[in-house]
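Visitor: File data.pdb follows (PDB, C-alpha atoms):
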```pdb
ATOM      1  CA  MET A1078     139.488 120.807 126.789
ATOM      2  CA  LYS A1079     140.999 118.412 129.321
ATOM      3  CA  LEU A1080     139.084 118.341 132.569
ATOM      4  CA  SER A1081     140.236 116.911 135.903
ATOM      5  CA  ILE A1082     139.064 116.776 139.524
ATOM      6  CA  LEU A1083     140.596 118.043 142.751
ATOM      7  CA  ASP A1084     138.807 116.303 145.624
ATOM      8  CA  GLN A1085     139.029 117.803 149.124
ATOM      9  CA  SER A1086     136.969 114.926 150.586
ATOM     10  CA  PRO A1087     134.395 117.168 152.255
ATOM     11  CA  LEU A1088     132.117 115.932 154.996
ATOM     12  CA  PHE A1089     128.487 116.290 153.966
ATOM     13  CA  LEU A1090     125.640 117.149 156.303
ATOM     14  CA  ASN A1091     124.727 114.257 158.591
ATOM     15  CA  HIS A1092     127.552 112.141 157.148
ATOM     16  CA  SER A1093     130.650 110.708 158.815
ATOM     17  CA  ALA A1094     134.293 110.833 157.731
ATOM     18  CA  ALA A1095     133.887 107.247 156.517
ATOM     19  CA  ASP A1096     130.976 108.420 154.355
ATOM     20  CA  ALA A1097     133.133 111.231 152.948
ATOM     21  CA  LEU A1098     135.918 108.854 151.919
ATOM     22  CA  GLU A1099     133.395 106.481 150.377
ATOM     23  CA  ALA A1100     131.977 109.460 148.460
ATOM     24  CA  SER A1101     135.469 110.197 147.125
ATOM     25  CA  LYS A1102     135.669 106.655 145.771
ATOM     26  CA  GLU A1103     132.198 107.023 144.248
ATOM     27  CA  LEU A1104     133.118 110.298 142.542
ATOM     28  CA  ALA A1105     136.401 108.877 141.233
ATOM     29  CA  MET A1106     134.543 105.957 139.670
ATOM     30  CA  LEU A1107     132.141 108.373 137.959
ATOM     31  CA  ALA A1108     135.057 110.497 136.720
ATOM     32  CA  ASP A1109     136.771 107.386 135.365
ATOM     33  CA  GLN A1110     133.641 106.472 133.409
ATOM     34  CA  LEU A1111     133.021 109.997 132.077
ATOM     35  CA  GLY A1112     136.543 110.566 130.756
ATOM     36  CA  TYR A1113     138.063 113.026 133.213
ATOM     37  CA  THR A1114     141.871 113.114 132.885
ATOM     38  CA  ARG A1115     143.037 113.113 136.525
ATOM     39  CA  TYR A1116     141.689 112.659 140.011
ATOM     40  CA  TRP A1117     143.779 114.361 142.687
ATOM     41  CA  VAL A1118     143.068 114.338 146.420
ATOM     42  CA  THR A1119     144.192 116.978 148.889
ATOM     43  CA  GLU A1120     146.033 116.855 152.214
ATOM     44  CA  HIS A1121     144.494 118.667 155.194
ATOM     45  CA  HIS A1122     145.001 118.215 158.920
ATOM     46  CA  ASN A1123     142.585 118.486 161.844
ATOM     47  CA  LEU A1124     139.840 120.255 159.876
ATOM     48  CA  THR A1125     136.322 119.318 160.913
ATOM     49  CA  ASN A1126     134.832 119.666 157.421
ATOM     50  CA  LEU A1127     137.474 117.758 155.408
ATOM     51  CA  ALA A1128     138.242 114.060 155.784
ATOM     52  CA  CYS A1129     141.604 113.322 154.152
ATOM     53  CA  PRO A1130     144.919 113.950 155.940
ATOM     54  CA  ALA A1131     146.644 111.117 154.026
ATOM     55  CA  PRO A1132     146.133 111.287 150.254
ATOM     56  CA  GLU A1133     148.509 108.386 149.663
ATOM     57  CA  VAL A1134     146.167 106.085 151.597
ATOM     58  CA  LEU A1135     143.021 107.306 149.864
ATOM     59  CA  LEU A1136     144.682 106.933 146.449
ATOM     60  CA  GLY A1137     145.336 103.256 147.102
ATOM     61  CA  PHE A1138     141.662 102.772 147.919
ATOM     62  CA  ILE A1139     140.492 104.715 144.846
ATOM     63  CA  GLY A1140     142.986 103.001 142.562
ATOM     64  CA  THR A1141     141.457  99.588 143.156
ATOM     65  CA  HIS A1142     138.046 100.901 142.055
ATOM     66  CA  THR A1143     139.126 102.733 138.881
ATOM     67  CA  LYS A1144     140.692 101.577 135.633
ATOM     68  CA  ARG A1145     141.926 104.447 133.476
ATOM     69  CA  ILE A1146     141.993 107.845 135.186
ATOM     70  CA  ARG A1147     145.295 109.237 136.469
ATOM     71  CA  LEU A1148     145.481 109.478 140.258
ATOM     72  CA  GLY A1149     147.506 111.876 142.332
ATOM     73  CA  ALA A1150     148.010 114.073 145.349
ATOM     74  CA  GLY A1151     147.148 117.705 145.165
ATOM     75  CA  ALA A1152     149.335 118.076 147.106
ATOM     76  CA  ILE A1153     151.732 116.192 149.323
ATOM     77  CA  LEU A1154     152.931 118.967 151.662
ATOM     78  CA  LEU A1155     156.644 118.314 151.353
ATOM     79  CA  PRO A1156     157.927 120.416 154.296
ATOM     80  CA  HIS A1157     156.306 117.852 156.622
ATOM     81  CA  TYR A1158     158.116 114.834 155.167
ATOM     82  CA  GLN A1159     161.420 113.347 154.121
ATOM     83  CA  PRO A1160     161.751 113.051 150.322
ATOM     84  CA  TYR A1161     162.919 109.429 150.538
ATOM     85  CA  LYS A1162     159.726 108.308 152.247
ATOM     86  CA  VAL A1163     157.554 110.240 149.792
ATOM     87  CA  ALA A1164     159.379 108.581 146.891
ATOM     88  CA  GLU A1165     158.915 105.116 148.427
ATOM     89  CA  VAL A1166     155.180 105.697 148.903
ATOM     90  CA  PHE A1167     154.561 106.999 145.397
ATOM     91  CA  HIS A1168     156.807 104.381 143.796
ATOM     92  CA  THR A1169     154.604 101.810 145.515
ATOM     93  CA  LEU A1170     151.464 103.449 144.142
ATOM     94  CA  ALA A1171     153.029 103.622 140.673
ATOM     95  CA  THR A1172     153.883  99.919 140.908
ATOM     96  CA  LEU A1173     150.304  99.069 141.868
ATOM     97  CA  PHE A1174     148.735 101.350 139.227
ATOM     98  CA  PRO A1175     151.206 101.536 136.317
ATOM     99  CA  GLY A1176     151.306 104.739 134.289
ATOM    100  CA  ARG A1177     148.559 106.390 136.330
ATOM    101  CA  ILE A1178     150.236 108.152 139.266
ATOM    102  CA  ASP A1179     150.905 111.873 139.696
ATOM    103  CA  LEU A1180     152.791 113.425 142.598
ATOM    104  CA  GLY A1181     151.736 116.995 143.247
ATOM    105  CA  LEU A1182     153.925 118.891 145.711
ATOM    106  CA  GLY A1183     153.023 121.847 147.914
ATOM    107  CA  ARG A1184     154.589 123.826 150.725
ATOM    108  CA  ALA A1185     151.501 124.942 152.690
ATOM    109  CA  PRO A1186     151.002 123.745 156.290
ATOM    110  CA  GLY A1187     147.584 122.239 155.545
ATOM    111  CA  GLY A1188     146.107 122.965 158.949
ATOM    112  CA  SER A1189     146.317 124.918 162.182
ATOM    113  CA  ALA A1190     149.543 126.030 163.874
ATOM    114  CA  VAL A1191     149.295 123.291 166.492
ATOM    115  CA  ALA A1192     148.678 120.600 163.848
ATOM    116  CA  THR A1193     151.644 121.926 161.879
ATOM    117  CA  THR A1194     153.863 121.751 164.958
ATOM    118  CA  ALA A1195     152.741 118.180 165.627
ATOM    119  CA  LEU A1196     153.676 117.206 162.072
ATOM    120  CA  SER A1197     156.812 119.254 161.654
ATOM    121  CA  PRO A1198     158.289 121.100 164.676
ATOM    122  CA  ARG A1199     160.670 123.008 162.378
ATOM    123  CA  PHE A1200     158.128 123.714 159.649
ATOM    124  CA  LEU A1201     159.394 127.179 158.658
ATOM    125  CA  GLU A1202     162.934 125.841 158.369
ATOM    126  CA  GLU A1203     161.634 123.054 156.133
ATOM    127  CA  VAL A1204     159.772 125.593 153.968
ATOM    128  CA  TRP A1205     163.054 127.427 153.421
ATOM    129  CA  ASN A1206     164.608 124.080 152.467
ATOM    130  CA  MET A1207     161.876 123.352 149.924
ATOM    131  CA  PRO A1208     164.107 123.755 146.815
ATOM    132  CA  GLU A1209     166.650 121.289 148.208
ATOM    133  CA  LYS A1210     163.914 118.846 149.237
ATOM    134  CA  VAL A1211     162.450 118.998 145.728
ATOM    135  CA  ASP A1212     165.871 118.242 144.253
ATOM    136  CA  GLU A1213     166.300 115.270 146.561
ATOM    137  CA  LEU A1214     162.837 113.912 145.774
ATOM    138  CA  LEU A1215     163.408 114.249 142.034
ATOM    139  CA  GLY A1216     166.684 112.378 142.464
ATOM    140  CA  PHE A1217     164.864 109.454 144.048
ATOM    141  CA  LEU A1218     162.081 109.501 141.440
ATOM    142  CA  SER A1219     164.584 109.403 138.585
ATOM    143  CA  ASN A1220     167.098 107.137 140.359
ATOM    144  CA  SER A1221     169.730 109.681 139.500
ATOM    145  CA  PHE A1222     172.113 111.489 141.852
ATOM    146  CA  PRO A1223     175.586 112.939 141.241
ATOM    147  CA  THR A1224     178.358 110.379 141.714
ATOM    148  CA  ASP A1225     179.523 112.101 144.899
ATOM    149  CA  HIS A1226     176.057 112.377 146.463
ATOM    150  CA  LEU A1227     175.354 110.651 149.792
ATOM    151  CA  TYR A1228     172.338 108.876 148.254
ATOM    152  CA  ARG A1229     173.943 107.855 144.948
ATOM    153  CA  ASN A1230     173.481 104.142 145.730
ATOM    154  CA  LEU A1231     170.161 104.416 147.559
ATOM    155  CA  ARG A1232     166.959 103.387 145.771
ATOM    156  CA  ALA A1233     163.396 104.228 146.772
ATOM    157  CA  ALA A1234     162.142 100.709 146.095
ATOM    158  CA  PRO A1235     160.012  99.351 144.595
ATOM    159  CA  ILE A1236     161.094 100.941 141.341
ATOM    160  CA  PRO A1237     158.066 101.134 138.996
ATOM    161  CA  ASP A1238     158.263 100.736 135.239
ATOM    162  CA  THR A1239     156.771 104.233 134.893
ATOM    163  CA  ALA A1240     157.747 106.791 137.503
ATOM    164  CA  PRO A1241     155.168 109.038 139.153
ATOM    165  CA  GLU A1242     154.799 112.322 137.305
ATOM    166  CA  PRO A1243     155.845 115.229 139.562
ATOM    167  CA  TRP A1244     153.971 118.551 139.617
ATOM    168  CA  LEU A1245     154.381 121.639 141.752
ATOM    169  CA  LEU A1246     151.249 123.313 143.075
ATOM    170  CA  GLY A1247     150.956 126.881 144.270
ATOM    171  CA  THR A1248     149.306 130.282 144.268
ATOM    172  CA  SER A1249     152.278 132.647 144.155
ATOM    173  CA  LEU A1250     155.131 133.947 142.048
ATOM    174  CA  LYS A1251     157.494 132.035 144.345
ATOM    175  CA  SER A1252     155.895 128.698 143.510
ATOM    176  CA  ALA A1253     155.776 129.531 139.802
ATOM    177  CA  ARG A1254     159.481 130.354 139.766
ATOM    178  CA  LEU A1255     160.376 127.211 141.710
ATOM    179  CA  ALA A1256     158.390 125.016 139.315
ATOM    180  CA  ALA A1257     160.114 126.588 136.328
ATOM    181  CA  GLU A1258     163.556 126.356 137.942
ATOM    182  CA  LYS A1259     163.125 122.654 138.721
ATOM    183  CA  GLY A1260     161.629 121.817 135.315
ATOM    184  CA  LEU A1261     158.270 120.812 136.796
ATOM    185  CA  SER A1262     154.789 121.201 135.408
ATOM    186  CA  TYR A1263     152.750 123.728 137.378
ATOM    187  CA  ALA A1264     149.246 123.602 138.829
ATOM    188  CA  PHE A1265     147.934 127.008 139.867
ATOM    189  CA  GLY A1266     145.232 127.270 142.551
ATOM    190  CA  TYR A1267     143.123 129.953 140.888
ATOM    191  CA  PHE A1268     140.250 129.364 143.299
ATOM    192  CA  MET A1269     142.485 130.108 146.321
ATOM    193  CA  SER A1270     144.450 133.052 144.957
ATOM    194  CA  ASP A1271     143.864 136.755 145.549
ATOM    195  CA  LYS A1272     146.891 137.829 143.523
ATOM    196  CA  ASP A1273     147.501 138.799 139.897
ATOM    197  CA  ASP A1274     146.866 135.384 138.399
ATOM    198  CA  HIS A1275     148.015 136.303 134.892
ATOM    199  CA  GLU A1276     151.408 137.488 136.158
ATOM    200  CA  ILE A1277     151.942 134.206 137.999
ATOM    201  CA  PHE A1278     151.128 132.098 134.960
ATOM    202  CA  GLU A1279     153.268 134.223 132.647
ATOM    203  CA  THR A1280     156.170 134.172 135.096
ATOM    204  CA  TYR A1281     156.166 130.385 134.976
ATOM    205  CA  ARG A1282     155.988 130.252 131.190
ATOM    206  CA  LYS A1283     158.787 132.771 130.698
ATOM    207  CA  ALA A1284     161.064 131.185 133.294
ATOM    208  CA  TYR A1285     160.593 127.586 132.147
ATOM    209  CA  THR A1286     163.388 126.637 129.747
ATOM    210  CA  GLY A1287     162.560 122.988 129.058
ATOM    211  CA  LYS A1288     160.276 121.447 126.450
ATOM    212  CA  ASN A1289     157.701 119.570 128.498
ATOM    213  CA  SER A1290     156.038 122.191 130.660
ATOM    214  CA  ARG A1291     152.334 121.769 131.292
ATOM    215  CA  THR A1292     149.934 123.897 133.292
ATOM    216  CA  ILE A1293     146.755 123.266 135.221
ATOM    217  CA  LEU A1294     144.323 125.937 136.354
ATOM    218  CA  ALA A1295     142.404 124.741 139.434
ATOM    219  CA  VAL A1296     138.946 126.291 139.734
ATOM    220  CA  SER A1297     135.962 126.019 142.053
ATOM    221  CA  VAL A1298     132.744 125.079 140.235
ATOM    222  CA  THR A1299     129.152 124.256 141.089
ATOM    223  CA  CYS A1300     127.036 123.057 138.190
ATOM    224  CA  SER A1301     123.304 122.392 138.627
ATOM    225  CA  GLU A1302     120.248 121.380 136.655
ATOM    226  CA  THR A1303     118.579 124.767 137.241
ATOM    227  CA  GLU A1304     119.800 128.320 137.688
ATOM    228  CA  VAL A1305     117.824 128.633 140.936
ATOM    229  CA  LEU A1306     119.610 125.688 142.546
ATOM    230  CA  ALA A1307     122.964 126.860 141.172
ATOM    231  CA  ASN A1308     122.505 130.256 142.836
ATOM    232  CA  GLU A1309     121.494 128.665 146.124
ATOM    233  CA  LEU A1310     124.508 126.348 146.167
ATOM    234  CA  ALA A1311     126.835 129.213 145.200
ATOM    235  CA  HIS A1312     125.490 131.285 148.096
ATOM    236  CA  TRP A1313     125.936 128.341 150.478
ATOM    237  CA  SER A1314     129.491 127.798 149.274
ATOM    238  CA  GLN A1315     130.528 131.392 149.863
ATOM    239  CA  VAL A1316     128.933 131.576 153.321
ATOM    240  CA  ALA A1317     130.197 128.124 154.336
ATOM    241  CA  SER A1318     133.755 129.000 153.331
ATOM    242  CA  ASP A1319     133.871 131.757 155.945
ATOM    243  CA  TYR A1320     131.922 129.736 158.497
ATOM    244  CA  HIS A1321     134.137 126.669 158.314
ATOM    245  CA  GLY A1322     137.294 128.727 157.879
ATOM    246  CA  LYS A1323     136.712 130.272 161.303
ATOM    247  CA  GLY A1324     136.908 126.858 162.938
ATOM    248  CA  ALA A1325     133.229 125.977 163.200
ATOM    249  CA  LYS A1326     132.679 122.555 164.753
ATOM    250  CA  THR A1327     129.443 121.857 162.877
ATOM    251  CA  LEU A1328     128.561 121.944 159.197
ATOM    252  CA  LEU A1329     126.462 124.784 157.829
ATOM    253  CA  THR A1330     123.039 123.912 156.447
ATOM    254  CA  ILE A1331     121.474 125.489 153.375
ATOM    255  CA  GLU A1332     118.734 126.910 155.608
ATOM    256  CA  GLU A1333     121.331 128.595 157.847
ATOM    257  CA  ALA A1334     123.205 129.969 154.836
ATOM    258  CA  ARG A1335     120.028 131.555 153.459
ATOM    259  CA  LYS A1336     119.895 133.827 156.503
ATOM    260  CA  VAL A1337     123.357 135.257 155.856
ATOM    261  CA  SER A1338     123.843 138.240 153.554
ATOM    262  CA  ILE A1339     127.001 138.415 151.454
ATOM    263  CA  GLU A1340     126.388 141.836 149.897
ATOM    264  CA  ASP A1341     129.530 143.351 151.450
ATOM    265  CA  LYS A1342     131.844 140.458 150.648
ATOM    266  CA  GLN A1343     134.500 140.430 147.949
ATOM    267  CA  PRO A1344     133.371 138.772 144.689
ATOM    268  CA  SER A1345     133.814 135.026 144.784
ATOM    269  CA  LYS A1346     135.892 133.131 142.229
ATOM    270  CA  LEU A1347     133.348 130.311 142.352
ATOM    271  CA  ILE A1348     131.959 129.492 138.912
ATOM    272  CA  SER A1349     128.334 128.392 139.091
ATOM    273  CA  GLY A1350     125.294 127.924 136.892
ATOM    274  CA  THR A1351     123.672 125.422 134.590
ATOM    275  CA  LYS A1352     125.967 123.258 132.479
ATOM    276  CA  GLU A1353     125.562 125.646 129.523
ATOM    277  CA  GLU A1354     126.453 128.662 131.674
ATOM    278  CA  VAL A1355     129.384 126.945 133.367
ATOM    279  CA  LYS A1356     130.719 125.711 130.043
ATOM    280  CA  GLU A1357     130.861 129.252 128.669
ATOM    281  CA  LYS A1358     132.543 130.587 131.821
ATOM    282  CA  LEU A1359     135.183 127.846 131.790
ATOM    283  CA  LYS A1360     135.840 128.340 128.087
ATOM    284  CA  GLN A1361     136.434 132.022 128.829
ATOM    285  CA  LEU A1362     138.897 131.140 131.600
ATOM    286  CA  GLN A1363     140.704 128.845 129.195
ATOM    287  CA  ALA A1364     140.886 131.643 126.632
ATOM    288  CA  ASP A1365     142.218 134.077 129.264
ATOM    289  CA  TYR A1366     144.886 131.834 130.827
ATOM    290  CA  HIS A1367     145.600 129.157 128.195
ATOM    291  CA  PRO A1368     146.134 126.284 130.639
ATOM    292  CA  ASP A1369     146.687 122.819 129.258
ATOM    293  CA  GLU A1370     144.030 121.542 131.622
ATOM    294  CA  LEU A1371     141.304 122.713 133.973
ATOM    295  CA  MET A1372     141.013 121.007 137.354
ATOM    296  CA  VAL A1373     137.709 121.394 139.168
ATOM    297  CA  THR A1374     136.964 121.307 142.878
ATOM    298  CA  THR A1375     133.374 121.253 144.119
ATOM    299  CA  ILE A1376     132.026 121.344 147.656
ATOM    300  CA  THR A1377     128.283 121.147 148.239
ATOM    301  CA  PRO A1378     126.234 120.477 151.385
ATOM    302  CA  ASN A1379     125.262 117.019 150.156
ATOM    303  CA  ARG A1380     126.736 114.149 148.189
ATOM    304  CA  GLU A1381     124.100 114.063 145.450
ATOM    305  CA  ASP A1382     124.584 117.697 144.372
ATOM    306  CA  ARG A1383     128.338 117.163 144.028
ATOM    307  CA  LEU A1384     127.888 114.051 141.884
ATOM    308  CA  THR A1385     125.338 115.899 139.749
ATOM    309  CA  SER A1386     127.726 118.819 139.275
ATOM    310  CA  PHE A1387     130.524 116.609 137.947
ATOM    311  CA  ARG A1388     128.117 114.558 135.841
ATOM    312  CA  LEU A1389     126.782 117.726 134.169
ATOM    313  CA  LEU A1390     130.328 119.006 133.590
ATOM    314  CA  GLY A1391     131.238 115.697 132.009
ATOM    315  CA  GLU A1392     128.223 115.917 129.725
ATOM    316  CA  ALA A1393     129.143 119.474 128.748
ATOM    317  CA  PHE A1394     132.826 118.872 127.998
ATOM    318  CA  LEU A1395     133.604 115.191 127.662
ATOM    319  CA  GLN A1396     130.681 113.626 125.845
ATOM    320  CA  ASP A1397     130.977 115.414 122.485
TER     321      ASP A1397
END
```
Can you present the structure in this file as C-alpha cells?
Guide:
Amino acid sequence: MKLSILDQSPLFLNHSAADALEASKELAMLADQLGYTRYWVTEHHNLTNLACPAPEVLLGFIGTHTKRIRLGAGAILLPHYQPYKVAEVFHTLATLFPGRIDLGLGRAPGGSAVATTALSPRFLEEVWNMPEKVDELLGFLSNSFPTDHLYRNLRAAPIPDTAPEPWLLGTSLKSARLAAEKGLSYAFGYFMSDKDDHEIFETYRKAYTGKNSRTILAVSVTCSETEVLANELAHWSQVASDYHGKGAKTLLTIEEARKVSIEDKQPSKLISGTKEEVKEKLKQLQADYHPDELMVTTITPNREDRLTSFRLLGEAFLQD
C-alpha cells in the first residue's frame, strides 16, 4: 500500500512557528528515508496552531533537504489566486526539483472570514468561477490553449521538463464531480468529512471517463509504542480539535485535555493505536474504499510523538 503524508505544520507546545517549520523539514527528511510516496503541505491563514500560510515557500525549503519523495501542496486554495501566478510558482518548483512536484487544488477559504476578505475580497465569486480557473491553470501547466484564446501565446515560465502533477482535493460530491469533469486525480479528505464518503468516491469513479484517474484517501492517524499512550494522544487530539477550532489563543496541554470528557461527542474518525492496530485499521479502510494511496495527517502535542507515529507507520507498511 502506498503511504503519503499531509503536513499541517502544527505548532507544538512551547515551540515557535520557526520550530514548527523546522519540524516539517525534519519529518519530510524522515519520510524520504522511509519510503513514503508524497509529502504535501497545507495552506491555512491566521490560525494560531498552524504555521504554514504559504506551502509554495515551505516546499522550496523541504525540497533542498530531500532527494526522492514527491512534494506538493494539499492544497493551494485557488479562489484566492490567479492561475497564471500559481503556474509560474509551481513551474519554478518543478524546475528546481524535476519530476517531484504535485499541485493539489482546493476551494476552501483556509481561515477566518476576515482573513479570507484580506486575501480575496470577492471570494464567493471566485469560488463560483472555480471550474474556469481550473481550466485556465491546466492550460498554463500544459502550455496548451485554443488558438483563439487570449493566453494562447503566454507561457508560465520557466517551463520544466516534467510538469507539476495536478490533483483536486475535496470533501464533497461537488469536488468529486469537478475532478472527474476536468480529468484530474482526486484526493478525498476522509478525516474532515461528515458526509457519505462511499458515495463521493463512487461518484468520482463513475464520472471519470479518462484512463489515468488516481485517488487518495486522506486520514488522521496517531500511532504509538503502547496502547496507553495511543489512547491518551487520541483523547488529546479530539479535545484539542474543538479547543483550537473555537479560536483558542494558546495550545492545549495533555494535562488540560485529561480533564475534559468526550462521552457525548460524535465518534472521531481518528485512527489510533499501536502500529499493529493501526495497520489493521488502515488495511480495512483500503478494503472499504479502494484508494490508490493513503495520505496520513498527524497532530500531536509534541514533536517527538509525531515523528514516532510516522516512523512506526513506516515500519508497519514500508519496511517489508
Visitor: At a cut-off of 6 Å, using only C-alpha atoms, what residues contact Ser1386 of chain A? Leave out same-chain residues fewer than 5 positions from it and give the result as a PyMOL selection string.
Guide: chain A and resi 1299-1301
Visitor: Give me, please, the distance in Å between atom CA of Ile1376 of chain A and atom CA of Thr1194 of chain A, quoted to one decimal.
Guide: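 Rounded to one decimal, the two atoms are 27.9 Å apart.
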Visitor: At what distance in Å, to one decimal, does atom CA of Pro1378 of chain A lie from atom CA of Gly1137 of chain A?
Guide: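 The value is 26.1 Å.
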Visitor: Report the residues retrieved by the PyMOL selection byres ((chain A and resi 1316) around 9) from the displayed file, expressed as a list in words.
Guide: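 Evaluating the PyMOL selection byres ((chain A and resi 1316) around 9) on these coordinates yields Ala1311, His1312, Trp1313, Ser1314, Gln1315, Ala1317, Ser1318, Asp1319, Tyr1320, His1321, Leu1329, Ala1334, Arg1335, Val1337, Ser1338 and Ile1339 of chain A.
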Visitor: Can you spit out the residues from that selection as a compact mmCIF listing (two decimals), in the coordinates of the input, using C-alpha atoms?
Guide:
```
# COMPACT_ATOMS: atom_id res chain seq x y z
CA ALA A 1311 126.84 129.21 145.20
CA HIS A 1312 125.49 131.28 148.10
CA TRP A 1313 125.94 128.34 150.48
CA SER A 1314 129.49 127.80 149.27
CA GLN A 1315 130.53 131.39 149.86
CA ALA A 1317 130.20 128.12 154.34
CA SER A 1318 133.76 129.00 153.33
CA ASP A 1319 133.87 131.76 155.94
CA TYR A 1320 131.92 129.74 158.50
CA HIS A 1321 134.14 126.67 158.31
CA LEU A 1329 126.46 124.78 157.83
CA ALA A 1334 123.20 129.97 154.84
CA ARG A 1335 120.03 131.56 153.46
CA VAL A 1337 123.36 135.26 155.86
CA SER A 1338 123.84 138.24 153.55
CA ILE A 1339 127.00 138.42 151.45
```
Visitor: Taking the point (163.2, 120.7, 138.5) as given in the file, collect each protein or nucleic acid residue that comes within 12 Å of it, counting all atoms listed in the file, and present the set as a ChimeraX atom specification.
Guide: /A:1182,1207-1216,1218-1219,1242-1245,1252-1263,1284-1287,1289-1290
Visitor: Could you turn the residues from that selection into a file that holds C-alpha atoms, as a PDB file, in the frame of the given file?
Guide:
```
ATOM      1  CA  LEU A1182     153.925 118.891 145.711  1.00  0.00           C
ATOM      2  CA  MET A1207     161.876 123.352 149.924  1.00  0.00           C
ATOM      3  CA  PRO A1208     164.107 123.755 146.815  1.00  0.00           C
ATOM      4  CA  GLU A1209     166.650 121.289 148.208  1.00  0.00           C
ATOM      5  CA  LYS A1210     163.914 118.846 149.237  1.00  0.00           C
ATOM      6  CA  VAL A1211     162.450 118.998 145.728  1.00  0.00           C
ATOM      7  CA  ASP A1212     165.871 118.242 144.253  1.00  0.00           C
ATOM      8  CA  GLU A1213     166.300 115.270 146.561  1.00  0.00           C
ATOM      9  CA  LEU A1214     162.837 113.912 145.774  1.00  0.00           C
ATOM     10  CA  LEU A1215     163.408 114.249 142.034  1.00  0.00           C
ATOM     11  CA  GLY A1216     166.684 112.378 142.464  1.00  0.00           C
ATOM     12  CA  LEU A1218     162.081 109.501 141.440  1.00  0.00           C
ATOM     13  CA  SER A1219     164.584 109.403 138.585  1.00  0.00           C
ATOM     14  CA  GLU A1242     154.799 112.322 137.305  1.00  0.00           C
ATOM     15  CA  PRO A1243     155.845 115.229 139.562  1.00  0.00           C
ATOM     16  CA  TRP A1244     153.971 118.551 139.617  1.00  0.00           C
ATOM     17  CA  LEU A1245     154.381 121.639 141.752  1.00  0.00           C
ATOM     18  CA  SER A1252     155.895 128.698 143.510  1.00  0.00           C
ATOM     19  CA  ALA A1253     155.776 129.531 139.802  1.00  0.00           C
ATOM     20  CA  ARG A1254     159.481 130.354 139.766  1.00  0.00           C
ATOM     21  CA  LEU A1255     160.376 127.211 141.710  1.00  0.00           C
ATOM     22  CA  ALA A1256     158.390 125.016 139.315  1.00  0.00           C
ATOM     23  CA  ALA A1257     160.114 126.588 136.328  1.00  0.00           C
ATOM     24  CA  GLU A1258     163.556 126.356 137.942  1.00  0.00           C
ATOM     25  CA  LYS A1259     163.125 122.654 138.721  1.00  0.00           C
ATOM     26  CA  GLY A1260     161.629 121.817 135.315  1.00  0.00           C
ATOM     27  CA  LEU A1261     158.270 120.812 136.796  1.00  0.00           C
ATOM     28  CA  SER A1262     154.789 121.201 135.408  1.00  0.00           C
ATOM     29  CA  TYR A1263     152.750 123.728 137.378  1.00  0.00           C
ATOM     30  CA  ALA A1284     161.064 131.185 133.294  1.00  0.00           C
ATOM     31  CA  TYR A1285     160.593 127.586 132.147  1.00  0.00           C
ATOM     32  CA  THR A1286     163.388 126.637 129.747  1.00  0.00           C
ATOM     33  CA  GLY A1287     162.560 122.988 129.058  1.00  0.00           C
ATOM     34  CA  ASN A1289     157.701 119.570 128.498  1.00  0.00           C
ATOM     35  CA  SER A1290     156.038 122.191 130.660  1.00  0.00           C
TER      36      SER A1290
END
```
Visitor: Specify as JSON, numbers by chain each residue included when the PyMOL selection byres ((chain A and resi 1091-1093) around 12) is applied to this file.
Guide: {"A": [1086, 1087, 1088, 1089, 1090, 1094, 1095, 1096, 1097, 1098, 1099, 1100, 1125, 1126, 1127, 1128, 1327, 1328, 1329, 1330, 1378, 1379, 1380]}
Visitor: Determine the residue membership of the PyMOL selection byres ((chain A and resi 1278-1280) around 8) for the file above and supply it as a list in words.
Guide: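 Output from the PyMOL selection byres ((chain A and resi 1278-1280) around 8), applied to this file: Leu1250, Ala1253, Arg1254, Phe1265, Asp1274, His1275, Glu1276, Ile1277, Tyr1281, Arg1282, Lys1283, Ala1284 and Tyr1366 of chain A.
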Visitor: Quote the spacing between atom CA of Met1106 of chain A and atom CA of Ile1082 of chain A in Å to one decimal place.
Guide: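 Pair atom CA of Met1106 of chain A / atom CA of Ile1082 of chain A returns 11.7 Å.
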Visitor: Taking all atoms of segment 1120-1126 of chain A that the file lists, what box with edges along x, y and z, padded by 5 Å per side, do you get, with centre and edge lengths in Å to one decimal, as lines of an AutoDock Vina configuration file?
Guide:
```
center_x = 140.4
center_y = 118.6
center_z = 157.0
size_x = 21.2
size_y = 13.4
size_z = 19.6
```
Visitor: So that I can check the surroundings of Gly1183 of chain A, please list as an NGL selection string every protein, DNA and RNA residue that reaches within 8 Å of it, counting only C-alpha atoms and ignoring chain neighbours fewer than 5 positions away.
Guide: :A and (1151-1155 or 1245-1247)
Visitor: Could you check which of A:Glu1165, A:Gln1085, A:Lys1102, A:Gly1112 is closest to Pro1130 of chain A, using all atoms listed in the file?
Guide: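 Going through A:Glu1165, A:Gln1085, A:Lys1102, A:Gly1112 one by one, the smallest distance to Pro1130 of chain A is for A:Gln1085.
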